[in-house]
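The file start.tsv comes next; it holds TSV, C-alpha atoms and all ligand atoms.
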```tsv
chain	number	residue	atom	x	y	z
A	20	MET	CA	-27.67	-7.69	35.12
A	21	LEU	CA	-26.34	-10.57	37.16
A	22	LEU	CA	-26.19	-8.43	40.25
A	23	SER	CA	-29.07	-8.59	42.65
A	24	SER	CA	-28.17	-5.64	44.82
A	25	ARG	CA	-25.66	-2.89	45.19
A	26	ILE	CA	-24.50	-1.06	48.25
A	27	THR	CA	-22.05	1.78	47.96
A	28	ILE	CA	-19.83	2.44	50.94
A	29	ALA	CA	-18.21	5.82	51.30
A	30	ILE	CA	-15.58	6.19	53.99
A	31	ALA	CA	-13.84	9.50	54.63
A	32	PHE	CA	-10.29	9.37	55.94
A	33	GLY	CA	-10.62	12.58	57.91
A	34	VAL	CA	-7.52	11.98	60.03
A	35	PHE	CA	-5.23	11.85	57.03
A	36	GLY	CA	-7.16	14.37	55.01
A	37	LEU	CA	-7.58	11.93	52.11
A	38	ALA	CA	-10.50	12.18	49.79
A	39	ALA	CA	-13.53	10.05	50.48
A	40	GLN	CA	-13.13	6.58	49.05
A	41	ASN	CA	-15.94	4.93	47.18
A	42	LEU	CA	-16.05	1.18	47.18
A	43	GLU	CA	-18.73	-0.75	45.43
A	44	VAL	CA	-20.08	-3.79	47.26
A	45	LEU	CA	-21.97	-6.21	45.04
A	46	GLN	CA	-23.99	-9.14	46.31
A	47	LEU	CA	-23.35	-11.92	43.80
A	48	ARG	CA	-25.04	-14.76	45.69
A	49	PRO	CA	-27.00	-15.05	48.94
A	50	ASN	CA	-23.74	-15.50	50.88
A	51	PHE	CA	-21.14	-14.16	48.48
A	52	TYR	CA	-20.08	-10.56	47.84
A	53	MET	CA	-17.57	-8.65	45.77
A	54	ILE	CA	-15.87	-5.36	46.58
A	55	ALA	CA	-14.67	-3.23	43.66
A	56	GLY	CA	-12.61	-0.06	43.87
A	57	ALA	CA	-10.08	-1.12	46.52
A	58	GLY	CA	-7.22	-2.02	44.18
A	59	GLY	CA	-7.75	-5.56	42.93
A	60	ASN	CA	-11.26	-6.99	43.13
A	61	ILE	CA	-12.10	-8.63	46.47
A	62	GLY	CA	-14.51	-11.53	46.97
A	63	PHE	CA	-15.92	-12.62	50.31
A	64	GLN	CA	-18.10	-15.46	51.52
A	65	VAL	CA	-20.16	-15.12	54.71
A	66	GLY	CA	-21.80	-17.71	56.95
A	67	VAL	CA	-21.93	-19.29	60.39
A	68	ASP	CA	-18.22	-20.11	60.32
A	69	GLY	CA	-17.33	-16.47	59.69
A	70	VAL	CA	-16.01	-14.60	56.68
A	71	VAL	CA	-13.59	-15.93	54.06
A	72	VAL	CA	-12.05	-13.04	52.11
A	73	VAL	CA	-10.19	-13.46	48.83
A	74	ASP	CA	-7.60	-10.69	48.48
A	75	SER	CA	-7.41	-7.65	50.70
A	76	GLY	CA	-7.01	-4.84	48.17
A	77	SER	CA	-4.52	-2.01	48.41
A	78	ALA	CA	-3.14	-0.73	51.71
A	79	ALA	CA	-4.83	2.65	51.26
A	80	SER	CA	-8.26	1.02	51.02
A	81	ALA	CA	-7.93	-1.41	53.93
A	82	ASP	CA	-10.00	0.55	56.47
A	83	ALA	CA	-12.79	0.99	53.95
A	84	VAL	CA	-12.69	-2.73	53.06
A	85	VAL	CA	-13.00	-3.74	56.71
A	86	ALA	CA	-15.90	-1.30	57.15
A	87	ALA	CA	-17.61	-2.67	54.04
A	88	ILE	CA	-17.37	-6.27	55.27
A	89	LYS	CA	-18.59	-5.32	58.76
A	90	LYS	CA	-21.57	-3.55	57.21
A	91	VAL	CA	-22.59	-6.82	55.53
A	92	THR	CA	-22.07	-9.16	58.50
A	93	PRO	CA	-21.16	-9.11	62.20
A	94	GLN	CA	-19.37	-12.47	61.76
A	95	PRO	CA	-15.59	-12.42	62.30
A	96	ILE	CA	-13.19	-12.60	59.35
A	97	ARG	CA	-11.56	-16.06	59.54
A	98	TYR	CA	-9.42	-16.27	56.43
A	99	VAL	CA	-7.75	-13.97	53.96
A	100	ILE	CA	-6.74	-15.92	50.83
A	101	ASN	CA	-4.30	-14.16	48.47
A	102	THR	CA	-4.37	-14.77	44.70
A	103	SER	CA	-0.82	-13.37	44.22
A	104	ALA	CA	1.74	-11.23	46.05
A	105	ASP	CA	0.78	-8.01	44.22
A	106	PRO	CA	0.38	-4.91	46.42
A	107	ASP	CA	-3.11	-4.25	45.07
A	108	HIS	CA	-4.16	-7.72	46.28
A	109	VAL	CA	-2.21	-8.14	49.55
A	110	GLY	CA	-1.85	-4.49	50.61
A	111	GLY	CA	-4.76	-4.71	53.03
A	112	ASN	CA	-3.64	-8.00	54.61
A	113	ILE	CA	-2.59	-6.53	57.94
A	114	LYS	CA	-5.73	-4.53	58.63
A	115	VAL	CA	-8.18	-7.07	57.23
A	116	ALA	CA	-6.55	-9.96	59.14
A	117	LYS	CA	-6.29	-7.96	62.35
A	118	ALA	CA	-9.98	-7.07	62.12
A	119	GLY	CA	-10.73	-10.80	62.23
A	120	GLN	CA	-10.18	-13.78	64.49
A	121	THR	CA	-8.60	-17.07	63.44
A	122	LEU	CA	-10.76	-20.18	63.69
A	123	PHE	CA	-8.11	-21.81	65.81
A	124	THR	CA	-8.64	-19.97	69.08
A	125	GLY	CA	-11.44	-19.23	71.48
A	126	ASN	CA	-14.57	-21.30	71.97
A	127	GLY	CA	-14.55	-24.36	69.78
A	128	GLY	CA	-10.94	-23.79	68.77
A	129	VAL	CA	-8.14	-26.26	69.18
A	130	GLY	CA	-6.78	-24.87	72.44
A	131	LEU	CA	-4.28	-22.37	71.13
A	132	ALA	CA	-3.75	-19.13	73.00
A	133	THR	CA	-6.18	-16.39	72.04
A	134	ASN	CA	-3.27	-14.27	70.82
A	135	PHE	CA	-2.32	-16.94	68.27
A	136	LEU	CA	-1.61	-15.03	65.00
A	137	GLY	CA	-2.00	-11.92	67.12
A	138	GLY	CA	-5.65	-12.84	67.44
A	139	GLY	CA	-6.25	-12.07	63.77
A	140	ALA	CA	-7.52	-14.06	60.81
A	141	SER	CA	-5.34	-16.62	59.05
A	142	ILE	CA	-3.71	-15.52	55.78
A	143	LEU	CA	-3.50	-18.33	53.21
A	144	ALA	CA	-1.55	-18.34	49.95
A	145	VAL	CA	0.68	-20.53	47.82
A	146	GLU	CA	4.25	-20.84	49.05
A	147	GLN	CA	5.63	-18.45	46.42
A	148	VAL	CA	3.51	-15.58	47.76
A	149	LEU	CA	5.30	-15.84	51.10
A	150	THR	CA	8.63	-16.00	49.27
A	151	ARG	CA	7.82	-12.80	47.36
A	152	MET	CA	6.43	-10.95	50.38
A	153	SER	CA	9.28	-11.85	52.71
A	154	GLY	CA	11.96	-11.19	50.06
A	155	PRO	CA	15.46	-12.60	49.73
A	156	SER	CA	17.21	-13.19	53.06
A	157	GLY	CA	19.60	-10.47	54.14
A	158	LYS	CA	17.52	-7.76	52.48
A	159	PRO	CA	14.63	-5.69	53.86
A	160	SER	CA	11.32	-7.44	53.23
A	161	PRO	CA	8.98	-5.82	50.70
A	162	PHE	CA	6.10	-6.27	53.17
A	163	PRO	CA	6.05	-6.24	57.00
A	164	ILE	CA	5.84	-9.63	58.67
A	165	ASP	CA	2.24	-9.06	59.83
A	166	ALA	CA	1.18	-8.98	56.18
A	167	TRP	CA	2.75	-12.33	55.27
A	168	PRO	CA	0.74	-15.52	54.79
A	169	THR	CA	0.43	-17.49	58.02
A	170	GLU	CA	-0.42	-20.66	56.12
A	171	THR	CA	1.03	-21.71	52.76
A	172	PHE	CA	0.76	-24.71	50.48
A	173	ASP	CA	2.68	-26.04	47.49
A	174	GLN	CA	0.35	-28.69	46.12
A	175	PRO	CA	-1.73	-27.91	43.00
A	176	ARG	CA	-5.00	-27.89	44.97
A	177	LYS	CA	-5.69	-26.86	48.54
A	178	TYR	CA	-9.21	-27.16	49.89
A	179	MET	CA	-11.33	-26.15	52.86
A	180	TYR	CA	-14.98	-26.68	53.78
A	181	LEU	CA	-16.45	-23.60	55.45
A	182	ASN	CA	-19.91	-22.05	55.62
A	183	GLY	CA	-21.43	-25.17	54.12
A	184	GLU	CA	-19.40	-25.23	50.93
A	185	GLY	CA	-16.21	-26.60	49.48
A	186	ILE	CA	-13.56	-24.01	48.68
A	187	GLU	CA	-10.79	-24.97	46.27
A	188	ILE	CA	-7.61	-22.91	45.99
A	189	LEU	CA	-5.91	-23.90	42.75
A	190	HIS	CA	-2.25	-22.98	42.23
A	191	GLN	CA	-1.49	-21.74	38.71
A	192	PRO	CA	2.28	-21.99	38.35
A	193	ALA	CA	4.09	-19.66	35.92
A	194	ALA	CA	1.09	-17.59	34.75
A	195	HIS	CA	0.84	-13.93	35.85
A	196	THR	CA	3.59	-14.83	38.38
A	197	ASP	CA	4.72	-18.13	39.91
A	198	GLY	CA	2.42	-17.65	42.90
A	199	ASP	CA	-1.05	-17.28	41.41
A	200	ALA	CA	-4.12	-18.98	42.80
A	201	ILE	CA	-7.70	-19.08	41.58
A	202	VAL	CA	-10.28	-19.67	44.31
A	203	PHE	CA	-13.44	-21.62	43.55
A	204	PHE	CA	-16.47	-21.53	45.87
A	205	ARG	CA	-18.29	-24.63	44.77
A	206	ARG	CA	-21.80	-24.13	46.16
A	207	SER	CA	-21.88	-20.38	45.51
A	208	ASP	CA	-20.50	-21.22	42.05
A	209	VAL	CA	-18.14	-18.26	42.03
A	210	VAL	CA	-14.48	-18.28	40.95
A	211	VAL	CA	-12.18	-15.49	42.09
A	212	ALA	CA	-9.52	-15.43	39.41
A	213	GLY	CA	-6.91	-12.89	40.50
A	214	ASP	CA	-4.73	-11.23	37.90
A	215	VAL	CA	-4.46	-14.20	35.53
A	216	PHE	CA	-7.74	-12.70	34.27
A	217	ASP	CA	-7.83	-8.90	33.97
A	218	THR	CA	-10.62	-7.51	31.80
A	219	THR	CA	-9.16	-4.00	31.88
A	220	ARG	CA	-6.01	-4.85	29.93
A	221	PHE	CA	-3.83	-7.58	28.45
A	222	PRO	CA	-2.83	-10.00	31.22
A	223	VAL	CA	0.26	-8.89	33.11
A	224	ILE	CA	2.90	-11.58	32.64
A	225	ASP	CA	5.61	-10.87	35.17
A	226	ILE	CA	8.59	-12.78	33.82
A	227	ALA	CA	10.87	-11.55	36.62
A	228	ARG	CA	8.54	-13.16	39.18
A	229	GLY	CA	8.15	-16.46	37.38
A	230	GLY	CA	5.25	-15.68	35.04
A	231	GLY	CA	5.00	-17.06	31.50
A	232	ILE	CA	2.68	-17.01	28.49
A	233	ASN	CA	1.99	-20.72	28.32
A	234	GLY	CA	1.24	-20.91	32.04
A	235	GLU	CA	-1.03	-17.87	31.58
A	236	ILE	CA	-2.99	-19.63	28.85
A	237	ALA	CA	-3.15	-22.78	31.00
A	238	ALA	CA	-4.56	-20.72	33.89
A	239	LEU	CA	-7.21	-19.21	31.61
A	240	GLN	CA	-8.04	-22.70	30.39
A	241	LYS	CA	-8.42	-23.81	34.01
A	242	LEU	CA	-10.94	-21.00	34.54
A	243	VAL	CA	-12.82	-22.08	31.42
A	244	ASP	CA	-12.85	-25.67	32.65
A	245	THR	CA	-14.00	-24.70	36.14
A	246	ALA	CA	-16.86	-22.42	35.06
A	247	ILE	CA	-20.11	-23.60	33.48
A	248	PRO	CA	-22.18	-21.32	31.21
A	249	SER	CA	-25.98	-21.19	31.08
A	250	VAL	CA	-26.66	-24.08	28.71
A	251	PRO	CA	-28.88	-25.40	27.25
A	252	ILE	CA	-31.13	-22.46	28.22
A	253	VAL	CA	-28.85	-19.69	27.05
A	254	SER	CA	-31.42	-16.93	27.46
A	255	ARG	CA	-31.05	-17.11	31.24
A	256	GLU	CA	-28.40	-14.93	32.79
A	257	GLU	CA	-27.12	-17.75	34.93
A	258	GLY	CA	-23.99	-19.85	35.19
A	259	THR	CA	-20.75	-19.71	37.12
A	260	LEU	CA	-19.58	-16.20	38.00
A	261	VAL	CA	-15.94	-15.34	37.44
A	262	VAL	CA	-14.51	-12.39	39.37
A	263	PRO	CA	-11.46	-11.09	37.47
A	264	GLY	CA	-8.49	-9.49	39.22
A	265	HIS	CA	-9.67	-6.18	37.76
A	266	GLY	CA	-12.80	-5.26	35.85
A	267	ARG	CA	-16.40	-6.40	35.73
A	268	ILE	CA	-18.02	-9.68	36.74
A	269	CYS	CA	-17.76	-12.26	33.98
A	270	ASP	CA	-19.10	-15.62	32.93
A	271	GLN	CA	-17.43	-18.55	31.19
A	272	LEU	CA	-17.90	-17.14	27.70
A	273	ASP	CA	-16.06	-13.96	28.67
A	274	VAL	CA	-13.12	-16.09	29.81
A	275	VAL	CA	-13.26	-18.10	26.57
A	276	ASP	CA	-13.01	-14.86	24.55
A	277	TYR	CA	-10.12	-13.62	26.67
A	278	ARG	CA	-8.28	-16.96	26.42
A	279	ASP	CA	-8.75	-16.95	22.64
A	280	MET	CA	-7.43	-13.39	22.42
A	281	VAL	CA	-4.29	-14.23	24.41
A	282	THR	CA	-3.77	-17.45	22.44
A	283	ILE	CA	-4.12	-15.72	19.06
A	284	ILE	CA	-1.54	-13.07	20.00
A	285	ARG	CA	0.81	-15.76	21.36
A	286	ASP	CA	0.49	-17.72	18.11
A	287	ARG	CA	1.14	-14.66	15.95
A	288	ILE	CA	4.29	-13.86	17.92
A	289	ARG	CA	5.43	-17.47	17.70
A	290	ASP	CA	5.01	-17.41	13.92
A	291	LEU	CA	6.98	-14.17	13.63
A	292	MET	CA	9.73	-15.65	15.80
A	293	LYS	CA	9.87	-18.70	13.54
A	294	GLN	CA	10.38	-16.32	10.60
A	295	GLY	CA	13.42	-14.99	12.42
A	296	LEU	CA	12.11	-11.53	13.28
A	297	THR	CA	13.72	-9.61	16.13
A	298	LEU	CA	11.73	-8.36	19.10
A	299	GLU	CA	11.68	-4.84	17.63
A	300	GLN	CA	10.47	-6.14	14.29
A	301	ILE	CA	7.76	-8.17	16.02
A	302	LYS	CA	6.57	-5.12	17.96
A	303	ALA	CA	6.45	-3.17	14.70
A	304	ALA	CA	4.30	-5.93	13.14
A	305	SER	CA	1.55	-5.23	15.73
A	306	PRO	CA	0.79	-8.83	16.74
A	307	ALA	CA	-1.91	-7.58	19.15
A	308	ARG	CA	-3.86	-5.86	16.36
A	309	GLY	CA	-7.61	-6.17	16.68
A	310	TYR	CA	-7.41	-6.15	20.48
A	311	VAL	CA	-5.39	-3.02	21.18
A	312	ARG	CA	-8.36	-0.68	21.42
A	313	ARG	CA	-10.00	-2.81	24.08
A	314	TYR	CA	-7.02	-4.03	26.10
A	315	GLY	CA	-3.98	-2.09	24.95
A	316	SER	CA	-2.15	0.95	26.21
A	317	ASP	CA	0.79	3.04	25.01
A	318	THR	CA	1.49	4.40	28.46
A	319	GLY	CA	1.40	3.29	32.08
A	320	ALA	CA	2.63	0.25	33.94
A	321	TRP	CA	1.62	-2.37	31.35
A	322	THR	CA	1.71	-1.30	27.71
A	323	THR	CA	0.88	-3.34	24.64
A	324	ASN	CA	4.60	-3.51	23.88
A	325	ASP	CA	5.28	-4.80	27.42
A	326	PHE	CA	2.78	-7.59	26.79
A	327	VAL	CA	4.30	-8.46	23.41
A	328	GLU	CA	7.78	-8.45	24.93
A	329	ALA	CA	6.73	-10.68	27.83
A	330	ILE	CA	5.33	-13.24	25.38
A	331	TYR	CA	8.48	-13.05	23.27
A	332	ARG	CA	10.73	-13.52	26.28
A	333	SER	CA	8.82	-16.41	27.77
A	334	MET	CA	8.74	-18.18	24.39
A	335	ASN	CA	12.44	-17.53	23.97
A	336	GLU	CA	13.18	-19.03	27.38
A	337	LYS	CA	11.18	-22.07	26.43
A	338	VAL	CA	13.15	-22.57	23.23
A	339	GLN	CA	16.50	-22.46	25.01
A	401	ZN	ZN	-4.03	-6.70	40.31
```

Can I see the file as structure tokens?
Amino acid sequence: MLLSSRITIAIAFGVFGLAAQNLEVLQLRPNFYMIAGAGGNIGFQVGVDGVVVVDSGSAASADAVVAAIKKVTPQPIRYVINTSADPDHVGGNIKVAKAGQTLFTGNGGVGLATNFLGGGASILAVEQVLTRMSGPSGKPSPFPIDAWPTETFDQPRKYMYLNGEGIEILHQPAAHTDGDAIVFFRRSDVVVAGDVFDTTRFPVIDIARGGGINGEIAALQKLVDTAIPSVPIVSREEGTLVVPGHGRICDQLDVVDYRDMVTIIRDRIRDLMKQGLTLEQIKAASPARGYVRRYGSDTGAWTTNDFVEAIYRSMNEKVQ
């Protein structure tokens, strides 16, 4: 379809006796690749400045991810950008960063010692990702310090210009969590969306970590606004590519459908709440009907009822 080439990387973890791990590496653009099968989807841009990686996948896949990137390019990894603090997106941070080399040392650097950041790549995320990964003070951190972002920001838009293109990192407050970012590579015309957009299920709205339904819809709207479909010549399979947190490569129209789906379910729940129904009554009324077969689940970490409840709770908080 949209994909010009596919390379499958198989790495066997003989030392630990784990089964061989199959990652799929997809070339989306001349200098932009996606890795699937390592937890959350990973995007990476390559060029003369080095490699910019968006998300590092799960910890268990980190060696395979590093091998996959090295198979594509000998250039050093310069940046790891995290789209949230989820383990399937930051779990590989330590190994992927350590396999790289920050831009700020060595020849052409700004005179910092070569062991700056332990010699590894910089890890960039919104401030809240560091807060989540370091944990409340006085308690053990959920992630070791080497996995934490080395560079954070709290403005709505952070930008860089590397490998001949502008890169925008757009904070989406209160969506999947309070620390989501979508990353837009302007010349490649690829957006890496993180878990605000998950084509394998209803979006995970993590109320306990600052997520919310209206922020989720706003984040989806931001993706719609950032991406451009193939118009007026719709028969071409062109347009901005959107890499979801999980699932297949998408275009703007896929995001429009997903945004509409989430909005319809939100509106149904809002109407039922206005009628005075309880959460249990709302669940029984199946507000996600029509979408359950595609996105729903009765079991696992994120069920249809979990999604309905998260919408209910975030609307309830808003009312109070
Ligand atoms: Zn994820």

Compute the set of protein, DNA and RNA residues whose minimum atom distance to ligand ZN 401 (chain A) is at most 6 Å, using all atoms listed in the file, and state it as a ChimeraX atom specification.
/A:59,107,214,264

With C-alpha atoms retained, export the selected residues as a PDB file, in the coordinates of the input.
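Saved to selection31.pdb:
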```
ATOM      1  CA  GLY A  59      -7.750  -5.560  42.930  1.00  0.00           C
ATOM      2  CA  ASP A 107      -3.110  -4.250  45.070  1.00  0.00           C
ATOM      3  CA  ASP A 214      -4.730 -11.230  37.900  1.00  0.00           C
ATOM      4  CA  GLY A 264      -8.490  -9.490  39.220  1.00  0.00           C
TER       5      GLY A 264
END
```

Selection near A:Pro93, 10 Å with all atoms listed in the file, sequence-local residues under 6 positions removed, as a PyMOL selection string:
chain A and resi 65+69-70

Just give me the gap between atom CA of A:Ala212 and atom CA of A:Gly111 in Å, one decimal is fine.
18.0 Å

At a cut-off of 9 Å around the point (2.7, -5.8, 48.7) (file coordinates), what residues fall inside when counting only C-alpha atoms? I'd like the answer as a PyMOL selection string.
chain A and resi 77-78+104-112+151-152+161-163+166

Would you be able to write out as a PyMOL selection string which residues have an atom within 10 Å of (-0.8, -21.8, 58.4) in the file's coordinates, counting all atoms listed in the file?
chain A and resi 136+141-144+168-172

Between A:Val210, A:Ile226, A:Leu42, A:Val261, which has the minimum distance to A:Ala194 (counting only C-alpha atoms)?
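Smallest distance to A:Ala194 is found for A:Ile226.
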
Just to confirm, what's the straight-line distance from atom CA of A:Lys117 to atom CA of A:Gly56 in Å (one decimal)?
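Computing it gives 21.1 Å between the two atoms.
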
Write out as number ranges by chain the residues lying within 8 Å of stretch 271-274 of chain A, counting all atoms listed in the file and excluding same-chain residues fewer than 5 positions away.
A: 216, 239, 242-243, 246-248, 258-261

List the spatial neighbours of A:Gly231 as a list in words - criterion: any atom at most 6 Å away, all atoms listed in the file, same-chain residues fewer than 2 positions off excluded.
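Returned residues: Ala193, Ala194, Ile224, Asn233, Gly234 and Ser333 of chain A.
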
Near A:Gly62, within 8 Å and counting all atoms listed in the file, which residues show up once chain neighbours fewer than 4 positions away are dropped, as number ranges by chain?
A: 51-54, 72-74, 211, 262

Suppose you want the space between atom CA of A:Arg267 and atom CA of A:Gly230; what is it in Å?
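A separation of 23.6 Å between them.
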
Tell me, as a compact mmCIF listing (two decimals) with C-alpha atoms, in the frame of the given file, which residues lie within 6 Å of A:Thr196, counting all atoms listed in the file; anything in the same chain fewer than 4 positions away does not count.
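Listed below is the output, result-v8.txt:
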```txt
# COMPACT_ATOMS: atom_id res chain seq x y z
CA ASP A 225 5.61 -10.87 35.17
CA ARG A 228 8.54 -13.16 39.18
CA GLY A 229 8.15 -16.46 37.38
CA GLY A 230 5.25 -15.68 35.04
```

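In this comparison, which uses all atoms listed in the file, the residue of A:Pro49, A:Gly119, A:Gly58, A:Gly295 approaching A:Ser207 most closely is A:Pro49.
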
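Each of A:Asp325, A:Glu257, A:Asp317, A:Asp68 was compared to A:Tyr180 using all atoms listed in the file, and A:Asp68 turns out to be the nearest.
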
Emit as AutoDock Vina command-line options the padded axis-aligned box for all listed atoms of stretch 112-115 of chain A, 3 Å per side, with centre and edge lengths in Å to one decimal.
```
--center_x -5.4 --center_y -6.3 --center_z 56.6 --size_x 11.6 --size_y 9.5 --size_z 10.0
```

Which residue gives the smallest distance to A:Gly319 among A:Arg205, A:Arg220, A:Lys302, A:Arg278, with all atoms listed in the file counted?
A:Arg220
